[in-house]
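Asks: To start, I am sharing the structure in question, which I have written as structure tokens.
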Amino acid sequence: MTNETMRKFGFPETLVREFENWVVLVRPAQVTLGSLVLCAKSDATGFGALEPAAFSELGEIVPAIERVLKSFCDYERINYLMLMMVDPNVHFHIIPRYSDPRTFNDMAFPDTGWPGPPDLKAAIALDSTALSQLRYVLADYLGVNS
């Protein structure tokens with residue numbers, strides 16, 4: 001099952017890992033290195049409208065994401081933003097935060113909002129090659145490519 005929000009964030013090309021009720025996607029515009037979108041697979045447009053199983057599954061997903069991002073970019077803080085102002089289906093923007101820039105494939109990714117709120121307008125749009133490489137690396141960290 002896919003929904004409008006999943007497609008907006010590039011599913012299936014940006015898919016890092018699929019769970020029963022959720023998908024983890026690489027955010028095509030990286031606010032900071034490792035920025036992800038966690039999308040509910042349902043058509044729910046309100047957090048409270050999700051099935052209980054979706055809430056339960058977050059207990060598995062969130063620790064896995066945090067382990068992966070800690071290993072990948074050694075974040076200092078992590079932000080979960082559930083804004084749903086433009087994209088209607090339930091989703092979180094997961095943004096690793098750090099005081100010093102991180103590098104991936106010779107590209108620097110500063111956290112321009114540090115130590116305040118993330119600067120969503122400063123996101124770096126990845127081309128299809130960089131996006132695919134980042135997706136592959138993060139999927140590998142999650143053990144999907146094994």
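Following the order of the structure tokens, first chain is A, next is B, and so on, with residues numbered from 1 inside each chain and ligands from 1 in the order they appear.
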If you count only C-alpha atoms, which residues fall within 8 Å of range 35-47 of chain A, apart from same-chain ones fewer than 3 positions away, as a count of residues only?

Replies: 27

Asks: Need to verify the contact set: Leu69 in chain A, 12 Å, only C-alpha atoms, exclusion of same-chain residues closer than 5 positions in sequence. Can you return it as a CSV table (one decimal) with N, CA and C atoms, in the first residue's frame?

Replies:
chain,number,residue,atom,x,y,z
A,26,VAL,N,14.7,7.8,2.7
A,26,VAL,CA,15.7,8.9,2.7
A,26,VAL,C,15.0,10.2,2.3
A,32,THR,N,19.9,17.8,7.3
A,32,THR,CA,21.3,17.4,7.8
A,32,THR,C,21.5,16.0,7.2
A,33,LEU,N,22.8,15.6,7.2
A,33,LEU,CA,23.1,14.3,6.7
A,33,LEU,C,22.4,13.2,7.5
A,34,GLY,N,21.7,12.3,6.8
A,34,GLY,CA,20.9,11.3,7.4
A,34,GLY,C,19.5,11.6,7.6
A,35,SER,N,19.0,12.7,7.1
A,35,SER,CA,17.6,13.0,7.3
A,35,SER,C,16.7,12.0,6.6
A,36,LEU,N,15.7,11.6,7.4
A,36,LEU,CA,14.8,10.5,6.9
A,36,LEU,C,13.4,11.0,7.0
A,62,VAL,N,11.9,3.1,16.0
A,62,VAL,CA,12.6,4.2,16.5
A,62,VAL,C,14.0,3.9,17.1
A,63,PRO,N,14.1,2.8,17.9
A,63,PRO,CA,15.5,2.5,18.4
A,63,PRO,C,16.4,2.0,17.2
A,64,ALA,N,15.8,1.3,16.2
A,64,ALA,CA,16.6,0.9,15.1
A,64,ALA,C,17.1,2.1,14.3
A,74,ASP,N,26.9,10.0,13.7
A,74,ASP,CA,27.2,10.4,15.0
A,74,ASP,C,26.5,11.7,15.5
A,75,TYR,N,25.2,11.7,15.3
A,75,TYR,CA,24.5,12.9,15.7
A,75,TYR,C,24.6,13.2,17.2
A,76,GLU,N,24.4,14.4,17.6
A,76,GLU,CA,24.4,14.9,19.0
A,76,GLU,C,23.0,14.9,19.6
A,77,ARG,N,22.1,15.2,18.7
A,77,ARG,CA,20.7,15.2,19.1
A,77,ARG,C,19.9,14.7,17.9
A,78,ILE,N,18.6,14.4,18.1
A,78,ILE,CA,17.8,13.9,17.0
A,78,ILE,C,16.4,14.6,17.2
A,79,ASN,N,15.9,15.1,16.1
A,79,ASN,CA,14.6,15.7,16.1
A,79,ASN,C,13.6,14.9,15.3
A,94,ILE,N,12.7,12.9,10.3
A,94,ILE,CA,13.7,12.6,11.3
A,94,ILE,C,15.0,13.3,10.9
A,95,ILE,N,15.5,14.1,11.8
A,95,ILE,CA,16.6,15.0,11.5
A,95,ILE,C,17.7,14.9,12.5
A,96,PRO,N,18.8,14.2,12.1
A,96,PRO,CA,19.9,14.1,13.1
A,96,PRO,C,20.5,15.5,13.2
A,97,ARG,N,20.9,15.9,14.4
A,97,ARG,CA,21.5,17.2,14.7
A,97,ARG,C,22.9,17.1,15.2
A,98,TYR,N,23.7,18.1,14.7
A,98,TYR,CA,25.1,18.1,15.1
A,98,TYR,C,25.7,19.5,15.0
A,134,LEU,N,23.1,7.2,-0.9
A,134,LEU,CA,22.8,7.4,0.6
A,134,LEU,C,21.8,6.4,1.0
A,137,VAL,N,23.5,3.0,1.5
A,137,VAL,CA,24.4,3.0,2.7
A,137,VAL,C,23.5,2.9,3.9
A,138,LEU,N,22.4,3.6,4.0
A,138,LEU,CA,21.6,3.6,5.2
A,138,LEU,C,20.9,2.2,5.3
A,139,ALA,N,20.4,1.7,4.2
A,139,ALA,CA,19.8,0.3,4.2
A,139,ALA,C,20.8,-0.7,4.6
A,140,ASP,N,22.1,-0.5,4.2
A,140,ASP,CA,23.1,-1.5,4.6
A,140,ASP,C,23.3,-1.4,6.2
A,141,TYR,N,23.3,-0.2,6.7
A,141,TYR,CA,23.4,0.0,8.2
A,141,TYR,C,22.2,-0.7,8.9
A,142,LEU,N,21.0,-0.7,8.3
A,142,LEU,CA,19.9,-1.4,8.8
A,142,LEU,C,19.9,-2.9,8.6

Asks: Could you tell me how far CA of Ile61 in chain A lies from CA of Leu120 in chain A, in Å and to one decimal?

Replies: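 The value is 23.5 Å.
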
Asks: From the list A:Ala29, A:Val144, A:Glu20, A:Glu4, which residue is nearest Ser128 in chain A when using only C-alpha atoms?

Replies: A:Ala29

Asks: Which residues in chain A does DSSP call strand (DSSP E or B)? List them as a count of residues only.

Replies: 36

Asks: Which value, in Å to one decimal, gives the distance between CA of Met85 in chain A and CA of Cys73 in chain A?

Replies: 28.2 Å

Asks: Neighbours of Met107 in chain A within 10 Å (only C-alpha atoms; same-chain residues fewer than 5 positions away dropped), as an MDAnalysis selection string?

Replies: chainID A and resid 33 101:102 124 130

Asks: Work out how far CA of Tyr80 in chain A is from CA of Lys8 in chain A, in Å to one decimal.

Replies: 18.5 Å

Asks: Among range 7-116 of chain A, which ones does DSSP place in helix (DSSP H, G or I), written as a PDB file with all heavy atoms, in the first residue's frame?

Replies:
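What landed in selection.pdb:
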ATOM      1  N   ARG A   7       4.699   8.747  -1.853  1.00  0.00           N
ATOM      2  CA  ARG A   7       5.098   9.065  -3.239  1.00  0.00           C
ATOM      3  C   ARG A   7       5.803  10.413  -3.317  1.00  0.00           C
ATOM      4  O   ARG A   7       6.775  10.580  -4.047  1.00  0.00           O
ATOM      5  CB  ARG A   7       3.886   9.015  -4.168  1.00  0.00           C
ATOM      6  CG  ARG A   7       3.383   7.591  -4.425  1.00  0.00           C
ATOM      7  CD  ARG A   7       2.279   7.536  -5.473  1.00  0.00           C
ATOM      8  NE  ARG A   7       1.058   8.221  -5.061  1.00  0.00           N
ATOM      9  CZ  ARG A   7       0.104   7.680  -4.311  1.00  0.00           C
ATOM     10  NH1 ARG A   7       0.210   6.421  -3.897  1.00  0.00           N
ATOM     11  NH2 ARG A   7      -0.977   8.375  -3.988  1.00  0.00           N
ATOM     12  N   LYS A   8       5.331  11.391  -2.550  1.00  0.00           N
ATOM     13  CA  LYS A   8       5.942  12.731  -2.551  1.00  0.00           C
ATOM     14  C   LYS A   8       7.407  12.653  -2.149  1.00  0.00           C
ATOM     15  O   LYS A   8       8.244  13.394  -2.661  1.00  0.00           O
ATOM     16  CB  LYS A   8       5.161  13.633  -1.594  1.00  0.00           C
ATOM     17  CG  LYS A   8       5.892  14.872  -1.124  1.00  0.00           C
ATOM     18  CD  LYS A   8       5.850  16.007  -2.119  1.00  0.00           C
ATOM     19  CE  LYS A   8       6.626  17.225  -1.696  1.00  0.00           C
ATOM     20  NZ  LYS A   8       6.142  17.971  -0.586  1.00  0.00           N
ATOM     21  N   PHE A  47      -2.697  11.443  13.463  1.00  0.00           N
ATOM     22  CA  PHE A  47      -1.898  10.492  14.230  1.00  0.00           C
ATOM     23  C   PHE A  47      -2.801   9.537  15.018  1.00  0.00           C
ATOM     24  O   PHE A  47      -2.568   8.335  15.059  1.00  0.00           O
ATOM     25  CB  PHE A  47      -0.955  11.268  15.152  1.00  0.00           C
ATOM     26  CG  PHE A  47       0.169  10.468  15.746  1.00  0.00           C
ATOM     27  CD1 PHE A  47       0.853   9.508  15.022  1.00  0.00           C
ATOM     28  CD2 PHE A  47       0.580  10.714  17.051  1.00  0.00           C
ATOM     29  CE1 PHE A  47       1.908   8.788  15.575  1.00  0.00           C
ATOM     30  CE2 PHE A  47       1.633  10.010  17.614  1.00  0.00           C
ATOM     31  CZ  PHE A  47       2.288   9.047  16.878  1.00  0.00           C
ATOM     32  N   GLY A  48      -3.843  10.058  15.611  1.00  0.00           N
ATOM     33  CA  GLY A  48      -4.753   9.245  16.401  1.00  0.00           C
ATOM     34  C   GLY A  48      -5.593   8.281  15.583  1.00  0.00           C
ATOM     35  O   GLY A  48      -6.236   7.391  16.135  1.00  0.00           O
ATOM     36  N   ALA A  49      -5.586   8.437  14.266  1.00  0.00           N
ATOM     37  CA  ALA A  49      -6.369   7.552  13.392  1.00  0.00           C
ATOM     38  C   ALA A  49      -5.612   6.284  13.005  1.00  0.00           C
ATOM     39  O   ALA A  49      -6.181   5.400  12.364  1.00  0.00           O
ATOM     40  CB  ALA A  49      -6.792   8.303  12.128  1.00  0.00           C
ATOM     41  N   PRO A  52      -3.748   0.522  16.262  1.00  0.00           N
ATOM     42  CA  PRO A  52      -2.864   0.252  17.406  1.00  0.00           C
ATOM     43  C   PRO A  52      -1.558  -0.447  17.017  1.00  0.00           C
ATOM     44  O   PRO A  52      -0.508  -0.175  17.605  1.00  0.00           O
ATOM     45  CB  PRO A  52      -3.720  -0.623  18.323  1.00  0.00           C
ATOM     46  CG  PRO A  52      -5.117  -0.211  18.006  1.00  0.00           C
ATOM     47  CD  PRO A  52      -5.122   0.078  16.529  1.00  0.00           C
ATOM     48  N   ALA A  53      -1.597  -1.313  16.023  1.00  0.00           N
ATOM     49  CA  ALA A  53      -0.381  -2.022  15.598  1.00  0.00           C
ATOM     50  C   ALA A  53       0.679  -1.054  15.087  1.00  0.00           C
ATOM     51  O   ALA A  53       1.882  -1.300  15.261  1.00  0.00           O
ATOM     52  CB  ALA A  53      -0.720  -3.059  14.531  1.00  0.00           C
ATOM     53  N   ALA A  54       0.264   0.041  14.477  1.00  0.00           N
ATOM     54  CA  ALA A  54       1.226   1.027  13.976  1.00  0.00           C
ATOM     55  C   ALA A  54       1.948   1.701  15.132  1.00  0.00           C
ATOM     56  O   ALA A  54       3.162   1.928  15.076  1.00  0.00           O
ATOM     57  CB  ALA A  54       0.529   2.056  13.095  1.00  0.00           C
ATOM     58  N   PHE A  55       1.218   2.015  16.196  1.00  0.00           N
ATOM     59  CA  PHE A  55       1.841   2.606  17.380  1.00  0.00           C
ATOM     60  C   PHE A  55       2.809   1.625  18.020  1.00  0.00           C
ATOM     61  O   PHE A  55       3.926   1.971  18.396  1.00  0.00           O
ATOM     62  CB  PHE A  55       0.782   3.033  18.402  1.00  0.00           C
ATOM     63  CG  PHE A  55       0.020   4.253  17.996  1.00  0.00           C
ATOM     64  CD1 PHE A  55      -1.262   4.134  17.487  1.00  0.00           C
ATOM     65  CD2 PHE A  55       0.569   5.515  18.125  1.00  0.00           C
ATOM     66  CE1 PHE A  55      -1.982   5.263  17.109  1.00  0.00           C
ATOM     67  CE2 PHE A  55      -0.133   6.642  17.754  1.00  0.00           C
ATOM     68  CZ  PHE A  55      -1.416   6.521  17.247  1.00  0.00           C
ATOM     69  N   SER A  56       2.395   0.393  18.131  1.00  0.00           N
ATOM     70  CA  SER A  56       3.221  -0.638  18.738  1.00  0.00           C
ATOM     71  C   SER A  56       4.529  -0.826  17.976  1.00  0.00           C
ATOM     72  O   SER A  56       5.599  -0.960  18.567  1.00  0.00           O
ATOM     73  CB  SER A  56       2.439  -1.947  18.801  1.00  0.00           C
ATOM     74  OG  SER A  56       3.231  -2.968  19.337  1.00  0.00           O
ATOM     75  N   GLU A  57       4.433  -0.805  16.662  1.00  0.00           N
ATOM     76  CA  GLU A  57       5.614  -1.040  15.825  1.00  0.00           C
ATOM     77  C   GLU A  57       6.652   0.075  15.965  1.00  0.00           C
ATOM     78  O   GLU A  57       7.848  -0.155  15.752  1.00  0.00           O
ATOM     79  CB  GLU A  57       5.181  -1.192  14.366  1.00  0.00           C
ATOM     80  CG  GLU A  57       6.239  -1.773  13.478  1.00  0.00           C
ATOM     81  CD  GLU A  57       5.723  -2.064  12.086  1.00  0.00           C
ATOM     82  OE1 GLU A  57       4.881  -1.301  11.563  1.00  0.00           O
ATOM     83  OE2 GLU A  57       6.178  -3.070  11.522  1.00  0.00           O
ATOM     84  N   LEU A  58       6.226   1.271  16.355  1.00  0.00           N
ATOM     85  CA  LEU A  58       7.182   2.359  16.560  1.00  0.00           C
ATOM     86  C   LEU A  58       8.224   2.003  17.616  1.00  0.00           C
ATOM     87  O   LEU A  58       9.362   2.472  17.554  1.00  0.00           O
ATOM     88  CB  LEU A  58       6.464   3.651  16.944  1.00  0.00           C
ATOM     89  CG  LEU A  58       5.706   4.348  15.824  1.00  0.00           C
ATOM     90  CD1 LEU A  58       4.898   5.522  16.380  1.00  0.00           C
ATOM     91  CD2 LEU A  58       6.641   4.795  14.716  1.00  0.00           C
ATOM     92  N   GLY A  59       7.854   1.141  18.562  1.00  0.00           N
ATOM     93  CA  GLY A  59       8.788   0.697  19.590  1.00  0.00           C
ATOM     94  C   GLY A  59       9.964  -0.089  19.037  1.00  0.00           C
ATOM     95  O   GLY A  59      11.027  -0.144  19.649  1.00  0.00           O
ATOM     96  N   GLU A  60       9.800  -0.682  17.878  1.00  0.00           N
ATOM     97  CA  GLU A  60      10.886  -1.387  17.189  1.00  0.00           C
ATOM     98  C   GLU A  60      11.628  -0.441  16.242  1.00  0.00           C
ATOM     99  O   GLU A  60      12.852  -0.474  16.143  1.00  0.00           O
ATOM    100  CB  GLU A  60      10.293  -2.549  16.383  1.00  0.00           C
ATOM    101  CG  GLU A  60      11.253  -3.224  15.435  1.00  0.00           C
ATOM    102  CD  GLU A  60      10.559  -4.199  14.485  1.00  0.00           C
ATOM    103  OE1 GLU A  60       9.362  -4.505  14.651  1.00  0.00           O
ATOM    104  OE2 GLU A  60      11.247  -4.653  13.553  1.00  0.00           O
ATOM    105  N   ILE A  61      10.884   0.398  15.558  1.00  0.00           N
ATOM    106  CA  ILE A  61      11.452   1.239  14.499  1.00  0.00           C
ATOM    107  C   ILE A  61      12.341   2.350  15.045  1.00  0.00           C
ATOM    108  O   ILE A  61      13.459   2.564  14.567  1.00  0.00           O
ATOM    109  CB  ILE A  61      10.325   1.830  13.631  1.00  0.00           C
ATOM    110  CG1 ILE A  61       9.570   0.708  12.911  1.00  0.00           C
ATOM    111  CG2 ILE A  61      10.872   2.838  12.635  1.00  0.00           C
ATOM    112  CD1 ILE A  61       8.277   1.162  12.256  1.00  0.00           C
ATOM    113  N   VAL A  62      11.862   3.079  16.036  1.00  0.00           N
ATOM    114  CA  VAL A  62      12.598   4.241  16.539  1.00  0.00           C
ATOM    115  C   VAL A  62      13.980   3.857  17.065  1.00  0.00           C
ATOM    116  O   VAL A  62      14.982   4.472  16.684  1.00  0.00           O
ATOM    117  CB  VAL A  62      11.758   5.032  17.570  1.00  0.00           C
ATOM    118  CG1 VAL A  62      12.597   6.086  18.277  1.00  0.00           C
ATOM    119  CG2 VAL A  62      10.551   5.669  16.877  1.00  0.00           C
ATOM    120  N   PRO A  63      14.116   2.844  17.922  1.00  0.00           N
ATOM    121  CA  PRO A  63      15.474   2.469  18.362  1.00  0.00           C
ATOM    122  C   PRO A  63      16.371   2.029  17.203  1.00  0.00           C
ATOM    123  O   PRO A  63      17.567   2.321  17.199  1.00  0.00           O
ATOM    124  CB  PRO A  63      15.237   1.321  19.343  1.00  0.00           C
ATOM    125  CG  PRO A  63      13.841   1.470  19.794  1.00  0.00           C
ATOM    126  CD  PRO A  63      13.098   2.058  18.629  1.00  0.00           C
ATOM    127  N   ALA A  64      15.805   1.340  16.207  1.00  0.00           N
ATOM    128  CA  ALA A  64      16.612   0.906  15.055  1.00  0.00           C
ATOM    129  C   ALA A  64      17.122   2.111  14.281  1.00  0.00           C
ATOM    130  O   ALA A  64      18.300   2.173  13.903  1.00  0.00           O
ATOM    131  CB  ALA A  64      15.789  -0.011  14.150  1.00  0.00           C
ATOM    132  N   ILE A  65      16.261   3.078  14.038  1.00  0.00           N
ATOM    133  CA  ILE A  65      16.671   4.295  13.318  1.00  0.00           C
ATOM    134  C   ILE A  65      17.747   5.034  14.101  1.00  0.00           C
ATOM    135  O   ILE A  65      18.751   5.482  13.532  1.00  0.00           O
ATOM    136  CB  ILE A  65      15.452   5.206  13.048  1.00  0.00           C
ATOM    137  CG1 ILE A  65      14.584   4.604  11.941  1.00  0.00           C
ATOM    138  CG2 ILE A  65      15.883   6.619  12.687  1.00  0.00           C
ATOM    139  CD1 ILE A  65      13.264   5.319  11.734  1.00  0.00           C
ATOM    140  N   GLU A  66      17.558   5.173  15.385  1.00  0.00           N
ATOM    141  CA  GLU A  66      18.534   5.912  16.188  1.00  0.00           C
ATOM    142  C   GLU A  66      19.887   5.218  16.219  1.00  0.00           C
ATOM    143  O   GLU A  66      20.930   5.878  16.162  1.00  0.00           O
ATOM    144  CB  GLU A  66      17.983   6.181  17.584  1.00  0.00           C
ATOM    145  CG  GLU A  66      16.838   7.181  17.534  1.00  0.00           C
ATOM    146  CD  GLU A  66      16.275   7.570  18.888  1.00  0.00           C
ATOM    147  OE1 GLU A  66      16.819   7.120  19.933  1.00  0.00           O
ATOM    148  OE2 GLU A  66      15.291   8.328  18.905  1.00  0.00           O
ATOM    149  N   ARG A  67      19.895   3.893  16.296  1.00  0.00           N
ATOM    150  CA  ARG A  67      21.175   3.157  16.250  1.00  0.00           C
ATOM    151  C   ARG A  67      21.877   3.389  14.914  1.00  0.00           C
ATOM    152  O   ARG A  67      23.090   3.635  14.864  1.00  0.00           O
ATOM    153  CB  ARG A  67      20.936   1.655  16.431  1.00  0.00           C
ATOM    154  CG  ARG A  67      20.816   1.191  17.853  1.00  0.00           C
ATOM    155  CD  ARG A  67      20.869  -0.330  17.975  1.00  0.00           C
ATOM    156  NE  ARG A  67      19.902  -1.024  17.129  1.00  0.00           N
ATOM    157  CZ  ARG A  67      18.639  -1.269  17.464  1.00  0.00           C
ATOM    158  NH1 ARG A  67      18.171  -0.856  18.636  1.00  0.00           N
ATOM    159  NH2 ARG A  67      17.840  -1.921  16.644  1.00  0.00           N
ATOM    160  N   VAL A  68      21.121   3.291  13.833  1.00  0.00           N
ATOM    161  CA  VAL A  68      21.689   3.464  12.490  1.00  0.00           C
ATOM    162  C   VAL A  68      22.260   4.862  12.324  1.00  0.00           C
ATOM    163  O   VAL A  68      23.391   5.031  11.865  1.00  0.00           O
ATOM    164  CB  VAL A  68      20.620   3.184  11.411  1.00  0.00           C
ATOM    165  CG1 VAL A  68      21.045   3.700  10.059  1.00  0.00           C
ATOM    166  CG2 VAL A  68      20.337   1.693  11.349  1.00  0.00           C
ATOM    167  N   LEU A  69      21.478   5.867  12.674  1.00  0.00           N
ATOM    168  CA  LEU A  69      21.945   7.242  12.477  1.00  0.00           C
ATOM    169  C   LEU A  69      23.103   7.586  13.407  1.00  0.00           C
ATOM    170  O   LEU A  69      24.004   8.338  13.016  1.00  0.00           O
ATOM    171  CB  LEU A  69      20.790   8.228  12.642  1.00  0.00           C
ATOM    172  CG  LEU A  69      19.737   8.171  11.540  1.00  0.00           C
ATOM    173  CD1 LEU A  69      18.595   9.142  11.832  1.00  0.00           C
ATOM    174  CD2 LEU A  69      20.345   8.449  10.165  1.00  0.00           C
ATOM    175  N   LYS A  70      23.118   7.034  14.605  1.00  0.00           N
ATOM    176  CA  LYS A  70      24.253   7.277  15.512  1.00  0.00           C
ATOM    177  C   LYS A  70      25.531   6.695  14.904  1.00  0.00           C
ATOM    178  O   LYS A  70      26.575   7.344  14.893  1.00  0.00           O
ATOM    179  CB  LYS A  70      23.974   6.671  16.892  1.00  0.00           C
ATOM    180  CG  LYS A  70      24.987   7.052  17.932  1.00  0.00           C
ATOM    181  CD  LYS A  70      24.907   8.533  18.238  1.00  0.00           C
ATOM    182  CE  LYS A  70      25.747   8.902  19.432  1.00  0.00           C
ATOM    183  NZ  LYS A  70      25.850  10.346  19.602  1.00  0.00           N
ATOM    184  N   SER A  71      25.437   5.486  14.356  1.00  0.00           N
ATOM    185  CA  SER A  71      26.601   4.866  13.713  1.00  0.00           C
ATOM    186  C   SER A  71      27.002   5.601  12.442  1.00  0.00           C
ATOM    187  O   SER A  71      28.177   5.761  12.158  1.00  0.00           O
ATOM    188  CB  SER A  71      26.298   3.408  13.358  1.00  0.00           C
ATOM    189  OG  SER A  71      26.105   2.647  14.510  1.00  0.00           O
ATOM    190  N   PHE A  72      26.011   6.032  11.672  1.00  0.00           N
ATOM    191  CA  PHE A  72      26.270   6.637  10.373  1.00  0.00           C
ATOM    192  C   PHE A  72      26.817   8.058  10.476  1.00  0.00           C
ATOM    193  O   PHE A  72      27.813   8.391   9.832  1.00  0.00           O
ATOM    194  CB  PHE A  72      24.993   6.635   9.529  1.00  0.00           C
ATOM    195  CG  PHE A  72      25.144   7.335   8.213  1.00  0.00           C
ATOM    196  CD1 PHE A  72      25.973   6.812   7.229  1.00  0.00           C
ATOM    197  CD2 PHE A  72      24.467   8.517   7.952  1.00  0.00           C
ATOM    198  CE1 PHE A  72      26.125   7.465   6.012  1.00  0.00           C
ATOM    199  CE2 PHE A  72      24.608   9.164   6.747  1.00  0.00           C
ATOM    200  CZ  PHE A  72      25.439   8.638   5.767  1.00  0.00           C
ATOM    201  N   CYS A  73      26.191   8.903  11.270  1.00  0.00           N
ATOM    202  CA  CYS A  73      26.613  10.313  11.276  1.00  0.00           C
ATOM    203  C   CYS A  73      26.923  10.858  12.665  1.00  0.00           C
ATOM    204  O   CYS A  73      27.190  12.041  12.808  1.00  0.00           O
ATOM    205  CB  CYS A  73      25.565  11.195  10.588  1.00  0.00           C
ATOM    206  SG  CYS A  73      23.976  11.257  11.438  1.00  0.00           S
TER     207      CYS A  73
END
